[in-house]
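Asks: So that we are looking at the same thing, I have put the structure below in structure tokens.
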Amino acid sequence: STLWLLKFPEEAVKRLKDQSKKKKLKGDKLVLSGLLPIDSHLDIKATADIGLDTVIFNGHTTGADTLWTGMPLVCLSGVQMRSRAGASMAYSLGVVTWLVRNLKDYEDVAVKLAQNRGALRKARAEMERAVVESPFFDTALWAKGFERAWFLMWDSFRSTGQLDVHIRTVADELENQGADWEPQGIMIGTTRNPRRPSAGQAQHDPLGASKSSMQ
């Protein structure tokens with residue numbers, strides 16, 4: 001096996017090389033590379049077999065990129081948000097096989113995948129299927145859900161005046177509602193995709209900018 005890491009920061013590189021010497025690893029067992037070209041980094045990363053999520057500070061964009069390539073990502077979830085991103089993405093994808101509870105399990109799962117090519121092929125097939133079937137990478141659906149959450153928050157505040165509420169959007173409900181779903185009595189939009197109130201309804205214009213912008 002070869003451990004492939006980003007060559008950054010300088011102090012980390014020094015410590016990694018020191019540890020490699022102490023462990024008496026061969027030179028080709030530790031590969032440190034610089035930042036990859038933006039237009040090809042996913043294709044290059046996809047040549048790796050297993051992703052090892054960093055424990056204290058998980059990969060966020062890097063973790064999502066890793067999962068997008070169909071690579072199984074071994075994650076140990078921590079307490080703070082920054083150490084729970086990997087597990088959160090795995091749960092969203094519906095693939096929790098490689099989530100572990102302690103460092104011993106983290107090592108055991110990684111070694112098992114590395115030593116069993118059949119298990120590794122099965123893991124990659126499972127991840128690739130999840131990438132296609134899960135709504136996690138459906139950007140249009142996510143944007144629709146995010147927009148609908150704003151609508152629901154406004155409706156809740158307008159009817160109750162309460163700020164401490166929980167808003168939940170469900171993928172199936174978003175698909176059933178369609179792209180043009182919106183609540184009554186409100187207008188939110190952009191110059192690209194304006195939303196207009198129904199006939200006889202007041203325009204939602206919290207900044208009072210509509211009349212001045214039209215003059």
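Ligands are numbered from 1 in the order shown, residues from 1 within each chain, and chains are lettered A, B, ... in the order they appear in the structure tokens.
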Env of Arg82 in chain A: 12 Å cut, atoms = only C-alpha atoms, seq-sep filter 2 positions within chain, self excluded. Answer as a list in words.
Replies: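 Close residues of Arg82 in chain A: Asp53, Thr54, Val55, Ile56, Phe57, Asn58, Gly59, His60, Thr61, Gly63, Leu76, Ser77, Gly78, Val79, Gln80, Arg84, Ala85, Gly86, Ala87 and Ser88 of chain A.
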Asks: Would you pick out the contacts of Leu25 in chain A at 12 Å or less, using only C-alpha atoms, so that residues sharing its chain but fewer than 4 positions from it are not included, and give the list as a PyMOL selection string?
Replies: chain A and resi 1-3+16-21+29-31
Asks: Please dump the current selection as a CSV table (one decimal), in the first residue's frame; keep C-alpha atoms.
Replies:
```csv
chain,number,residue,atom,x,y,z
A,1,SER,CA,0.0,0.0,0.0
A,2,THR,CA,1.0,3.6,-0.6
A,3,LEU,CA,-0.1,6.6,1.5
A,16,LEU,CA,5.5,12.9,8.0
A,17,LYS,CA,9.0,12.2,6.6
A,18,ASP,CA,10.4,11.8,10.1
A,19,GLN,CA,7.7,9.3,11.0
A,20,SER,CA,8.3,7.4,7.7
A,21,LYS,CA,12.0,7.1,8.6
A,29,LYS,CA,5.3,4.1,0.5
A,30,LEU,CA,4.7,7.8,1.2
A,31,VAL,CA,3.8,10.0,-1.7
```
Asks: Just want the 8 Å neighbourhood of Gly94 in chain A, counted on only C-alpha atoms, with same-chain residues fewer than 2 positions away dropped. Output as a VMD selection string.
Replies: chain A and resid 90 to 92 96 130 134
Asks: Save the residues we just selected, N, CA, C and O atoms, as a short mmCIF file (atom, residue, chain, number, x, y, z; two decimals), in the first residue's frame?
Replies:
```
data_model
loop_
_atom_site.label_atom_id
_atom_site.label_comp_id
_atom_site.auth_asym_id
_atom_site.auth_seq_id
_atom_site.Cartn_x
_atom_site.Cartn_y
_atom_site.Cartn_z
N ALA A 90 -21.71 10.67 4.47
CA ALA A 90 -21.94 9.24 4.29
C ALA A 90 -23.39 8.87 4.60
O ALA A 90 -24.02 8.10 3.86
N TYR A 91 -23.93 9.43 5.67
CA TYR A 91 -25.33 9.18 6.01
C TYR A 91 -26.25 9.72 4.92
O TYR A 91 -27.25 9.09 4.57
N SER A 92 -25.93 10.88 4.37
CA SER A 92 -26.76 11.46 3.31
C SER A 92 -26.75 10.57 2.07
O SER A 92 -27.75 10.48 1.37
N VAL A 96 -23.05 3.72 5.12
CA VAL A 96 -22.43 3.91 6.44
C VAL A 96 -21.49 2.76 6.79
O VAL A 96 -21.04 2.63 7.92
N ALA A 130 -24.49 4.61 -4.94
CA ALA A 130 -25.06 5.63 -4.06
C ALA A 130 -24.93 7.02 -4.67
O ALA A 130 -25.83 7.86 -4.54
N SER A 134 -28.53 8.45 -4.83
CA SER A 134 -28.83 9.31 -3.69
C SER A 134 -29.06 10.75 -4.15
O SER A 134 -28.46 11.21 -5.12
#
```
Asks: Extract, using only C-alpha atoms, all DNA, RNA and protein residues at most 12 Å from range 36-40 of chain A, discarding same-chain residues fewer than 5 positions from it, and format them as a PyMOL selection string.
Replies: chain A and resi 5-7+45-47+65+69
Asks: Grab the CA of Leu103 in chain A to CA of Met81 in chain A distance for me, in Å with one decimal place.
Replies: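 We find that CA of Leu103 in chain A and CA of Met81 in chain A lie 18.5 Å from each other.
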Asks: Write down as an mmCIF file with C-alpha atoms, in the first residue's frame the residues of range 11-40 of chain A whose backbone DSSP state falls under strand (DSSP E or B).
Replies:
```cif
data_model
loop_
_atom_site.group_PDB
_atom_site.id
_atom_site.type_symbol
_atom_site.label_atom_id
_atom_site.label_comp_id
_atom_site.auth_asym_id
_atom_site.auth_seq_id
_atom_site.Cartn_x
_atom_site.Cartn_y
_atom_site.Cartn_z
ATOM 1 C CA LEU A 30 4.703 7.778 1.223
ATOM 2 C CA VAL A 31 3.759 10.003 -1.706
ATOM 3 C CA LEU A 32 3.393 13.756 -1.160
ATOM 4 C CA SER A 33 2.003 15.802 -4.036
#
```
Asks: I'd like to know which of A:Phe151, A:Asp49, A:Asp43, A:Ile167 is closest to Asn116 in chain A, using only C-alpha atoms.
Replies: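 Looking only at the distances to Asn116 in chain A, the closest residue turns out to be A:Asp49.
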Asks: From a DSSP calculation on the backbone, collect every residue of range 96-181 of chain A in helix (DSSP H, G or I) and output the set as a PyMOL selection string.
Replies: chain A and resi 103-115+117-133+135-137+139-160+171-177
Asks: Can you measure CA of Lys104 in chain A to CA of Ala123 in chain A for me? One decimal in Å is fine.
Replies: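 These atoms are spaced 19.9 Å apart.
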Asks: Fewer than 3 positions away in the same chain doesn't count, so skip those; otherwise give me all residues within 12 Å of Ala149 in chain A, counting only C-alpha atoms, as a tab-separated table (two decimals) with N, CA, C and O atoms, in the first residue's frame.
Replies:
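The resulting file, selection_12.tsv, is shown below:
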```tsv
chain	number	residue	atom	x	y	z
A	142	TRP	N	-31.31	19.99	-4.30
A	142	TRP	CA	-30.85	20.67	-3.08
A	142	TRP	C	-31.25	22.14	-3.10
A	142	TRP	O	-31.73	22.68	-2.09
A	143	ALA	N	-31.04	22.80	-4.25
A	143	ALA	CA	-31.40	24.22	-4.35
A	143	ALA	C	-32.90	24.40	-4.14
A	143	ALA	O	-33.33	25.36	-3.48
A	144	LYS	N	-33.70	23.48	-4.69
A	144	LYS	CA	-35.14	23.56	-4.51
A	144	LYS	C	-35.51	23.40	-3.03
A	144	LYS	O	-36.37	24.12	-2.50
A	145	GLY	N	-34.86	22.45	-2.36
A	145	GLY	CA	-35.13	22.23	-0.95
A	145	GLY	C	-34.72	23.42	-0.10
A	145	GLY	O	-35.42	23.81	0.84
A	146	PHE	N	-33.58	24.02	-0.43
A	146	PHE	CA	-33.10	25.18	0.31
A	146	PHE	C	-34.06	26.35	0.14
A	146	PHE	O	-34.41	27.04	1.10
A	152	LEU	N	-40.93	28.10	3.88
A	152	LEU	CA	-41.57	27.52	5.06
A	152	LEU	C	-41.25	28.34	6.31
A	152	LEU	O	-42.11	28.51	7.18
A	153	MET	N	-40.01	28.83	6.41
A	153	MET	CA	-39.65	29.66	7.55
A	153	MET	C	-40.47	30.95	7.57
A	153	MET	O	-40.94	31.39	8.62
A	154	TRP	N	-40.65	31.54	6.40
A	154	TRP	CA	-41.42	32.78	6.33
A	154	TRP	C	-42.88	32.52	6.69
A	154	TRP	O	-43.48	33.28	7.44
A	155	ASP	N	-43.45	31.44	6.15
A	155	ASP	CA	-44.84	31.11	6.47
A	155	ASP	C	-45.01	30.87	7.97
A	155	ASP	O	-45.99	31.31	8.58
A	156	SER	N	-44.05	30.16	8.57
A	156	SER	CA	-44.13	29.86	10.00
A	156	SER	C	-44.05	31.14	10.82
A	156	SER	O	-44.82	31.34	11.76
A	165	VAL	N	-37.99	27.46	15.45
A	165	VAL	CA	-38.74	26.36	14.82
A	165	VAL	C	-37.78	25.48	14.04
A	165	VAL	O	-36.70	25.92	13.64
A	166	HIS	N	-38.18	24.25	13.81
A	166	HIS	CA	-37.40	23.31	13.01
A	166	HIS	C	-38.05	23.16	11.64
A	166	HIS	O	-39.25	22.92	11.54
A	167	ILE	N	-37.26	23.32	10.60
A	167	ILE	CA	-37.75	23.21	9.23
A	167	ILE	C	-37.11	21.99	8.58
A	167	ILE	O	-35.89	21.82	8.64
A	168	ARG	N	-37.93	21.15	7.98
A	168	ARG	CA	-37.43	19.94	7.34
A	168	ARG	C	-38.04	19.81	5.96
A	168	ARG	O	-39.25	19.90	5.79
A	169	THR	N	-37.20	19.62	4.96
A	169	THR	CA	-37.68	19.38	3.61
A	169	THR	C	-37.31	17.95	3.22
A	169	THR	O	-36.22	17.48	3.53
A	170	VAL	N	-38.22	17.27	2.56
A	170	VAL	CA	-38.04	15.88	2.18
A	170	VAL	C	-37.95	15.77	0.68
A	170	VAL	O	-38.75	16.38	-0.05
A	174	LEU	N	-40.38	17.29	-2.39
A	174	LEU	CA	-39.91	18.30	-3.33
A	174	LEU	C	-40.17	17.87	-4.76
A	174	LEU	O	-40.58	18.66	-5.61
A	181	TRP	N	-43.26	25.14	-7.28
A	181	TRP	CA	-44.00	25.25	-6.01
A	181	TRP	C	-43.61	26.53	-5.28
A	181	TRP	O	-42.44	26.89	-5.22
A	182	GLU	N	-44.60	27.21	-4.74
A	182	GLU	CA	-44.35	28.34	-3.87
A	182	GLU	C	-45.60	28.60	-3.03
A	182	GLU	O	-46.72	28.30	-3.46
A	183	PRO	N	-45.43	29.12	-1.82
A	183	PRO	CA	-46.59	29.41	-0.97
A	183	PRO	C	-47.35	30.61	-1.50
A	183	PRO	O	-46.85	31.37	-2.32
```
Asks: Identify which of the residues A:Glu128, A:Lys122, A:Leu163, A:Asp105 lies closest to Thr66 in chain A, counting only C-alpha atoms when measuring atom-to-atom distances.
Replies: A:Glu128
Asks: Rounded to one decimal place, report the CA of Pro135 in chain A-CA of Val95 in chain A distance in Å.
Replies: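 Value for the CA of Pro135 in chain A-CA of Val95 in chain A distance: 12.6 Å.
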